[in-house]
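For reference, my_file.txt is printed below; it contains compact mmCIF, C-alpha atoms.
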```
# COMPACT_ATOMS: atom_id res chain seq x y z
CA MET A 115 102.18 167.01 63.97
CA LYS A 116 103.37 163.45 63.62
CA PHE A 117 106.58 161.89 64.89
CA SER A 118 107.61 158.64 63.20
CA VAL A 119 109.93 156.55 65.36
CA LEU A 120 111.98 153.93 63.53
CA VAL A 121 112.27 150.44 64.96
CA PHE A 122 115.35 148.42 64.08
CA PRO A 123 115.96 144.91 65.36
CA GLY A 124 117.80 145.76 68.59
CA SER A 125 116.30 149.22 69.13
CA ASN A 126 115.42 149.61 72.81
CA SER A 127 114.40 153.25 73.19
CA ASP A 128 111.83 153.13 70.41
CA TYR A 129 108.89 152.91 72.75
CA ASP A 130 110.35 155.56 75.09
CA ALA A 131 110.51 157.96 72.14
CA PHE A 132 107.00 156.97 71.04
CA TYR A 133 105.69 157.51 74.59
CA ALA A 134 107.48 160.87 74.94
CA ALA A 135 106.11 162.13 71.62
CA SER A 136 102.56 160.89 72.16
CA ALA A 137 101.74 160.69 75.88
CA VAL A 138 104.04 163.46 77.14
CA ILE A 139 104.14 165.98 74.29
CA GLY A 140 100.66 165.05 73.08
CA GLU A 141 101.39 164.76 69.37
CA ASP A 142 100.68 161.94 66.93
CA ALA A 143 103.32 159.25 66.84
CA ALA A 144 103.92 156.05 64.90
CA LEU A 145 106.39 153.20 65.20
CA VAL A 146 107.85 152.34 61.77
CA TRP A 147 109.54 148.97 61.21
CA HIS A 148 112.94 149.15 59.52
CA LYS A 149 111.81 146.95 56.63
CA ASP A 150 109.03 149.38 55.73
CA THR A 151 109.67 151.88 52.97
CA ASP A 152 107.10 154.49 53.98
CA LEU A 153 107.40 156.96 56.87
CA GLN A 154 103.63 157.03 57.43
CA GLY A 155 103.21 160.75 56.85
CA ALA A 156 105.92 161.84 59.29
CA ASP A 157 106.53 165.51 60.04
CA ALA A 158 109.63 164.52 62.01
CA VAL A 159 111.59 161.27 62.17
CA ILE A 160 113.32 159.85 65.25
CA LEU A 161 116.03 157.21 65.08
CA PRO A 162 115.96 155.79 68.60
CA GLY A 163 118.62 154.41 70.88
CA GLY A 164 119.54 150.79 71.35
CA PHE A 165 121.72 148.33 69.51
CA ALA A 166 120.38 148.22 65.95
CA HIS A 167 121.38 144.93 64.31
CA GLY A 168 123.30 144.00 67.44
CA ASP A 169 125.98 146.64 66.74
CA TYR A 170 127.49 144.04 64.38
CA LEU A 171 130.60 145.24 62.51
CA ARG A 172 130.41 148.75 63.99
CA THR A 173 127.63 150.59 65.81
CA GLY A 174 125.09 151.72 63.23
CA ALA A 175 126.96 150.16 60.33
CA ILE A 176 124.29 147.66 59.26
CA ALA A 177 121.24 149.83 60.00
CA ARG A 178 122.04 152.12 57.11
CA PHE A 179 121.10 149.23 54.78
CA SER A 180 117.63 148.89 56.29
CA PRO A 181 114.99 149.60 53.60
CA ILE A 182 113.45 152.49 55.57
CA MET A 183 116.71 154.45 55.44
CA ALA A 184 116.17 155.38 51.77
CA ALA A 185 112.93 157.08 52.82
CA VAL A 186 114.70 158.79 55.74
CA LYS A 187 117.38 160.15 53.39
CA ALA A 188 114.79 161.42 50.92
CA PHE A 189 112.84 163.00 53.81
CA ALA A 190 115.98 164.72 55.11
CA ASP A 191 116.93 165.89 51.60
CA ARG A 192 113.54 167.63 51.39
CA GLY A 193 114.42 169.45 54.63
CA GLY A 194 112.42 167.19 56.96
CA PRO A 195 113.60 167.22 60.60
CA VAL A 196 115.45 164.03 61.60
CA LEU A 197 116.66 163.32 65.14
CA GLY A 198 119.12 160.53 65.94
CA ILE A 199 119.36 159.64 69.62
CA CYS A 200 122.38 157.66 70.86
CA ASN A 201 122.45 154.59 68.58
CA GLY A 202 120.28 156.60 66.17
CA PHE A 203 123.08 159.23 66.09
CA GLN A 204 125.57 156.44 65.33
CA VAL A 205 123.34 155.24 62.46
CA LEU A 206 123.21 158.78 60.99
CA LEU A 207 127.02 158.97 61.14
CA GLU A 208 127.46 155.61 59.42
CA ALA A 209 124.86 156.57 56.82
CA GLY A 210 126.87 159.69 56.01
CA MET A 211 123.96 161.96 56.97
CA LEU A 212 126.13 163.55 59.67
CA PRO A 213 129.93 163.98 59.57
CA GLY A 214 132.42 162.16 61.79
CA ALA A 215 132.41 158.84 63.63
CA MET A 216 132.19 157.30 67.08
CA VAL A 217 134.94 155.36 68.80
CA ARG A 218 134.97 153.59 72.16
CA ASN A 219 134.69 155.83 75.18
CA ASP A 220 138.07 156.70 76.63
CA ARG A 221 139.01 154.48 79.57
CA ILE A 222 136.61 151.85 78.03
CA LYS A 223 133.87 152.97 80.36
CA PHE A 224 130.21 152.40 79.63
CA VAL A 225 128.72 155.64 80.96
CA SER A 226 125.16 155.44 82.25
CA ARG A 227 123.98 158.43 84.26
CA LEU A 228 122.27 161.80 84.15
CA VAL A 229 124.64 164.41 82.70
CA PRO A 230 124.45 168.15 82.08
CA VAL A 231 124.58 169.18 78.43
CA ARG A 232 124.81 172.76 77.15
CA VAL A 233 122.70 173.81 74.17
CA GLU A 234 125.01 175.60 71.72
CA GLN A 235 122.62 176.34 68.85
CA THR A 236 118.94 177.19 68.94
CA ASP A 237 118.36 177.39 65.19
CA THR A 238 117.75 173.67 64.63
CA PRO A 239 114.30 172.02 64.65
CA PHE A 240 115.19 170.16 67.86
CA THR A 241 116.52 173.11 69.86
CA ALA A 242 114.20 175.88 68.63
CA ALA A 243 112.41 176.04 72.00
CA CYS A 244 115.65 176.07 74.04
CA ALA A 245 117.28 179.13 75.51
CA SER A 246 120.76 179.91 74.23
CA ARG A 247 123.36 178.14 76.42
CA GLN A 248 120.57 176.42 78.36
CA VAL A 249 121.84 173.48 80.42
CA LEU A 250 119.75 170.31 80.08
CA HIS A 251 120.09 167.31 82.36
CA MET A 252 119.59 164.14 80.34
CA PRO A 253 120.71 160.56 80.81
CA VAL A 254 123.42 158.96 78.71
CA ALA A 255 123.91 155.22 78.34
CA HIS A 256 126.64 154.32 75.88
CA GLY A 257 130.00 152.63 75.49
CA GLU A 258 130.78 154.21 72.17
CA GLY A 259 130.01 157.91 72.26
CA ASN A 260 133.51 159.27 71.86
CA TYR A 261 133.01 161.63 68.93
CA TYR A 262 135.80 161.82 66.39
CA ALA A 263 136.28 163.82 63.20
CA ASP A 264 139.45 164.71 61.34
CA PRO A 265 140.82 168.22 62.07
CA GLU A 266 139.37 169.75 58.87
CA THR A 267 135.90 168.34 59.52
CA LEU A 268 136.02 169.46 63.15
CA ALA A 269 137.08 172.98 62.15
CA ALA A 270 134.23 173.12 59.60
CA LEU A 271 131.72 171.92 62.23
CA GLU A 272 132.77 174.71 64.57
CA ALA A 273 132.92 177.37 61.85
CA ASN A 274 129.45 176.48 60.58
CA ARG A 275 128.00 176.31 64.13
CA GLN A 276 127.08 172.65 63.70
CA VAL A 277 127.97 171.65 67.26
CA VAL A 278 124.52 171.68 68.86
CA PHE A 279 125.26 170.16 72.30
CA ARG A 280 128.38 169.94 74.49
CA TYR A 281 128.99 168.05 77.71
CA SER A 282 129.32 170.68 80.42
CA ASP A 283 129.11 171.01 84.18
CA ALA A 284 125.84 171.95 85.86
CA ALA A 285 126.71 175.64 85.54
CA GLY A 286 127.18 175.28 81.78
CA GLU A 287 130.97 175.46 81.83
CA VAL A 288 132.51 173.18 79.20
CA THR A 289 135.53 171.66 80.94
CA PRO A 290 137.77 168.61 80.47
CA ALA A 291 136.25 167.16 83.66
CA SER A 292 132.75 167.38 82.21
CA ASN A 293 133.78 165.44 79.10
CA ILE A 294 132.29 162.05 79.98
CA ASN A 295 133.64 159.97 77.10
CA GLY A 296 136.62 161.68 75.45
CA SER A 297 134.64 163.34 72.64
CA LEU A 298 136.55 165.98 70.69
CA ASN A 299 135.60 169.51 71.85
CA ASN A 300 133.15 167.94 74.40
CA ILE A 301 130.76 167.27 71.51
CA ALA A 302 127.50 165.62 72.61
CA GLY A 303 125.48 166.42 69.50
CA ILE A 304 125.79 167.95 66.03
CA CYS A 305 123.68 168.86 63.03
CA ASN A 306 124.23 168.77 59.27
CA ARG A 307 125.00 171.86 57.16
CA GLN A 308 121.29 172.31 56.38
CA ARG A 309 120.58 172.06 60.17
CA ASN A 310 117.56 169.76 59.80
CA VAL A 311 119.37 166.53 60.76
CA VAL A 312 120.47 166.43 64.40
CA GLY A 313 122.21 163.66 66.34
CA LEU A 314 123.00 163.52 70.04
CA MET A 315 124.21 160.89 72.50
CA PRO A 316 122.08 161.88 75.54
CA HIS A 317 118.51 160.58 75.70
CA PRO A 318 115.92 163.41 75.76
CA GLU A 319 113.09 160.83 75.56
CA ARG A 320 114.21 159.30 78.86
CA ALA A 321 114.06 162.68 80.63
CA THR A 322 110.51 163.83 80.01
CA GLU A 323 108.88 163.50 83.44
CA ALA A 324 110.03 164.50 86.91
CA GLN A 325 109.63 160.90 88.08
CA LEU A 326 112.44 159.95 85.68
CA GLY A 327 114.84 162.30 87.44
CA SER A 328 114.58 165.08 84.87
CA ALA A 329 112.01 166.52 82.50
CA ASP A 330 114.61 168.59 80.62
CA GLY A 331 114.38 166.40 77.52
CA ARG A 332 110.84 167.51 76.73
CA VAL A 333 112.11 170.73 75.19
CA ILE A 334 113.87 168.76 72.43
CA LEU A 335 110.60 167.28 71.14
CA ALA A 336 108.66 170.46 71.94
CA SER A 337 111.19 172.29 69.74
CA ALA A 338 110.14 170.19 66.75
CA VAL A 339 106.52 171.12 67.38
CA LYS A 340 107.44 174.80 67.60
CA ALA A 341 109.71 174.68 64.53
CA LEU A 342 107.04 173.02 62.40
CA ALA A 343 104.35 175.41 63.60
CA SER A 344 106.46 178.42 62.62
CA LEU A 345 107.12 176.86 59.19
CA SER A 346 103.43 176.38 58.43
CA ARG A 347 102.52 179.87 59.59
CA MET B 17 139.48 132.96 45.79
CA LYS B 18 140.12 134.08 49.30
CA ALA B 19 141.09 137.57 50.39
CA ARG B 20 142.06 138.91 53.77
CA VAL B 21 141.22 142.38 55.01
CA TYR B 22 143.00 143.94 57.97
CA VAL B 23 141.21 146.93 59.46
CA THR B 24 142.91 149.17 62.00
CA LEU B 25 142.17 152.53 63.55
CA LYS B 26 144.09 155.33 61.84
CA PRO B 27 147.22 156.34 63.75
CA SER B 28 145.60 159.72 64.55
CA VAL B 29 142.64 158.02 66.30
CA PHE B 30 143.16 157.06 69.94
CA ASP B 31 142.48 153.36 70.56
CA PRO B 32 141.17 152.97 74.12
CA GLN B 33 140.75 149.19 73.72
CA GLY B 34 144.32 148.70 72.56
CA ARG B 35 145.52 150.81 75.46
CA VAL B 36 143.66 148.64 77.99
CA VAL B 37 145.07 145.48 76.39
CA ALA B 38 148.57 146.99 76.59
CA ASP B 39 148.05 147.78 80.28
CA ALA B 40 146.82 144.22 80.89
CA LEU B 41 149.89 142.78 79.18
CA VAL B 42 152.17 144.91 81.34
CA THR B 43 150.28 143.70 84.42
CA LEU B 44 150.87 140.12 83.23
CA GLY B 45 154.59 140.84 83.43
CA TYR B 46 155.30 141.87 79.84
CA GLN B 47 157.05 145.09 80.83
CA ASP B 48 158.46 145.41 77.31
CA VAL B 49 155.01 146.16 75.80
CA GLN B 50 154.93 149.79 74.70
CA ASP B 51 151.65 149.98 72.79
CA VAL B 52 148.87 147.81 71.36
CA ARG B 53 146.49 148.76 68.55
CA GLN B 54 143.42 146.57 68.20
CA GLY B 55 141.82 145.93 64.82
CA LYS B 56 139.54 143.65 62.82
CA PHE B 57 140.32 140.81 60.48
CA PHE B 58 138.07 139.54 57.67
CA GLU B 59 138.40 136.54 55.38
CA VAL B 60 136.32 137.00 52.25
CA GLU B 61 135.68 134.12 49.88
CA LEU B 62 134.61 135.10 46.40
CA SER B 63 133.99 133.52 43.05
CA ALA B 64 136.53 135.65 41.14
CA THR B 65 139.26 133.56 39.54
CA ASP B 66 141.97 136.16 39.02
CA ALA B 67 143.80 137.97 41.76
CA ALA B 68 143.55 141.43 40.23
CA THR B 69 139.75 141.32 40.06
CA ALA B 70 139.55 139.91 43.57
CA LYS B 71 141.76 142.68 44.90
CA THR B 72 139.71 145.40 43.19
CA ARG B 73 136.41 143.95 44.43
CA VAL B 74 137.52 143.41 48.01
CA THR B 75 139.17 146.84 48.21
CA GLU B 76 135.84 148.33 47.17
CA MET B 77 134.08 146.27 49.87
CA ALA B 78 136.54 147.42 52.50
CA ASP B 79 136.01 151.02 51.49
CA LYS B 80 132.22 150.80 51.42
CA LEU B 81 131.53 148.62 54.44
CA LEU B 82 134.26 146.64 56.18
CA ALA B 83 136.10 149.77 57.31
CA ASN B 84 134.80 153.21 58.21
CA PRO B 85 137.22 155.48 56.31
CA VAL B 86 136.59 158.31 58.80
CA ILE B 87 138.45 156.47 61.56
CA GLU B 88 139.91 153.30 60.06
CA SER B 89 142.42 152.26 57.43
CA TYR B 90 142.65 148.85 55.80
CA ARG B 91 144.96 146.53 53.92
CA VAL B 92 143.74 143.91 51.44
CA GLU B 93 145.65 140.70 50.72
CA VAL B 94 144.59 138.19 48.07
CA LEU B 95 145.69 134.63 48.83
CA PRO B 96 147.41 132.71 46.06
```
Show the structure stored in the file as structure tokens.
Amino acid sequence: MKFSVLVFPGSNSDYDAFYAASAVIGEDAALVWHKDTDLQGADAVILPGGFAHGDYLRTGAIARFSPIMAAVKAFADRGGPVLGICNGFQVLLEAGMLPGAMVRNDRIKFVSRLVPVRVEQTDTPFTAACASRQVLHMPVAHGEGNYYADPETLAALEANRQVVFRYSDAAGEVTPASNINGSLNNIAGICNRQRNVVGLMPHPERATEAQLGSADGRVILASAVKALASLSR
Amino acid sequence: MKARVYVTLKPSVFDPQGRVVADALVTLGYQDVQDVRQGKFFEVELSATDAATAKTRVTEMADKLLANPVIESYRVEVLP
């Protein structure tokens, strides 16, 4: 399969995602410039972390106007798997491809460390290879990952099982103390109603080898491989 | 014409930046500060010549881009 990793001006995890998909997982991968209009035959699209367009106006707000985003929307509308990591998650929110918004972390803290995250749903293309309630240790690095949605949207997210990841402790308990940034309901990642578009703040691509402190993130990309294989069967 | 757009977080959204600014003001000796909400301010210059058109256009801009309606509200003012 082929992962296409978008590159916006200011992306900084693009190559990490490319490396994880190609060198670690062993699949085809391509870097796609934001001014392109073609996804180069992608089976899955990754919007990487970083500071697309310098975070001008709001995080992710300008990236949604990048020419490639029309192709990403069309790809997602056809059911194609799309993963937004950190800033990529923020872009998907601003583009209206996922519900809600991000505000500054509570206590204005930029949080940069390895955190435990509990997998809540295994029926998305990026969690298909996870065990239910599996705890993954992945790094976060963000100042604006405090997930917000109005009460109706939040209730709908929970009712439709769209909360895919929650900040937890190492034992998988979701507690106020394990909420690293003030996100509502400890939300670390969500999916759309159709479940093919997933966004999360932690960086799976930076946790793919033991040398990096954790290899737990591999399962996120391996899930896409598994999900696509089961589709084509 | 010139229009001004004031963007603020909705009252229901916690504003951690405003809270830190409020704390800093109290530390500076302004014990009377009870709360601060931080926002954004835009000045938009446009070629429209009547105020009604300018207001409609800029309101649309605020809704589509300058503010994120999920978390922010805005107020548009057209200058005479």
Could you list the residues in chain B lying within 8 Å of chain A, using only C-alpha atoms, and format the result as JSON, numbers by chain?
-> {"B": [29, 31, 32, 33, 36, 81, 82, 84, 86, 87]}
Skip Ile182 in chain A itself and residues of its chain fewer than 4 positions away, then list as a list in words all residues within 7 Å of it, counting all atoms listed in the file.
->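 Listed by chain and then number, they are His148, Lys149, Asp150, Thr151, Asp152 and Val186 of chain A.
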Go ahead and compute the interatomic distance for CA of Leu95 in chain B and CA of Thr24 in chain B, in Å to one decimal.
->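 It comes out at 19.8 Å.
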Can you pull out every residue within 10 Å of Gly34 in chain B, counting all atoms listed in the file, but drop anything in the same chain fewer than 6 positions away, and send it as a PyMOL selection string?
-> (chain A and resi 222) or (chain B and resi 40+51-55)
Please identify all polymer residues lying at most 12 Å from the point (135.5, 142.2, 51.8) (file coordinates), using only C-alpha atoms, and present the result as an MDAnalysis selection string.
-> chainID B and resid 17:23 56:62 70:83 90:94
Using C-alpha atoms, can you write the selected residues to a file as a PDB file, in the coordinates of the input?
```
ATOM      1  CA  MET B  17     139.480 132.960  45.790  1.00  0.00           C
ATOM      2  CA  LYS B  18     140.120 134.080  49.300  1.00  0.00           C
ATOM      3  CA  ALA B  19     141.090 137.570  50.390  1.00  0.00           C
ATOM      4  CA  ARG B  20     142.060 138.910  53.770  1.00  0.00           C
ATOM      5  CA  VAL B  21     141.220 142.380  55.010  1.00  0.00           C
ATOM      6  CA  TYR B  22     143.000 143.940  57.970  1.00  0.00           C
ATOM      7  CA  VAL B  23     141.210 146.930  59.460  1.00  0.00           C
ATOM      8  CA  LYS B  56     139.540 143.650  62.820  1.00  0.00           C
ATOM      9  CA  PHE B  57     140.320 140.810  60.480  1.00  0.00           C
ATOM     10  CA  PHE B  58     138.070 139.540  57.670  1.00  0.00           C
ATOM     11  CA  GLU B  59     138.400 136.540  55.380  1.00  0.00           C
ATOM     12  CA  VAL B  60     136.320 137.000  52.250  1.00  0.00           C
ATOM     13  CA  GLU B  61     135.680 134.120  49.880  1.00  0.00           C
ATOM     14  CA  LEU B  62     134.610 135.100  46.400  1.00  0.00           C
ATOM     15  CA  ALA B  70     139.550 139.910  43.570  1.00  0.00           C
ATOM     16  CA  LYS B  71     141.760 142.680  44.900  1.00  0.00           C
ATOM     17  CA  THR B  72     139.710 145.400  43.190  1.00  0.00           C
ATOM     18  CA  ARG B  73     136.410 143.950  44.430  1.00  0.00           C
ATOM     19  CA  VAL B  74     137.520 143.410  48.010  1.00  0.00           C
ATOM     20  CA  THR B  75     139.170 146.840  48.210  1.00  0.00           C
ATOM     21  CA  GLU B  76     135.840 148.330  47.170  1.00  0.00           C
ATOM     22  CA  MET B  77     134.080 146.270  49.870  1.00  0.00           C
ATOM     23  CA  ALA B  78     136.540 147.420  52.500  1.00  0.00           C
ATOM     24  CA  ASP B  79     136.010 151.020  51.490  1.00  0.00           C
ATOM     25  CA  LYS B  80     132.220 150.800  51.420  1.00  0.00           C
ATOM     26  CA  LEU B  81     131.530 148.620  54.440  1.00  0.00           C
ATOM     27  CA  LEU B  82     134.260 146.640  56.180  1.00  0.00           C
ATOM     28  CA  ALA B  83     136.100 149.770  57.310  1.00  0.00           C
ATOM     29  CA  TYR B  90     142.650 148.850  55.800  1.00  0.00           C
ATOM     30  CA  ARG B  91     144.960 146.530  53.920  1.00  0.00           C
ATOM     31  CA  VAL B  92     143.740 143.910  51.440  1.00  0.00           C
ATOM     32  CA  GLU B  93     145.650 140.700  50.720  1.00  0.00           C
ATOM     33  CA  VAL B  94     144.590 138.190  48.070  1.00  0.00           C
TER      34      VAL B  94
END
```
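Taking all atoms listed in the file into account, Pro85 in chain B lies nearest to A:Gly210 out of the set A:Gly210, A:Pro318, A:Gly286, A:Gly259.
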Residue neighbourhood Ala285 in chain A, 10 Å, only C-alpha atoms, exclusion window fewer than 6 positions, as an NGL selection string = :A and (230-232 or 248-249)
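Distances from A:Val288, A:Met183, A:Ala338, A:Leu345 to Arg247 in chain A were compared using only C-alpha atoms, and the smallest one belongs to A:Val288.
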Using all atoms listed in the file, the shortest atom-to-atom distance to Ala291 in chain A among A:Gly155, A:Ser180, A:Val229, A:Leu326 belongs to A:Val229
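Among the candidates A:Ala137, A:Ala269, A:Ala341, A:Val119, the residue lying nearest to Ala156 in chain A is A:Val119 (atoms considered: all atoms listed in the file).
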For Ala177 in chain A, which of A:Pro162, A:Gly257, A:Pro265, A:Gly303 is the closest residue, counting all atoms listed in the file?
-> A:Pro162
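Each of A:Phe189, A:Tyr261, A:Phe240, A:Phe279 was checked against Val339 in chain A using all atoms listed in the file; the smallest atom-to-atom distance is that of A:Phe240.
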Find the residues around Thr236 in chain A up to 7 Å (all atoms listed in the file counted), leave out those fewer than 6 positions away in its own chain, and share them as a PyMOL selection string.
-> chain A and resi 242+244+246
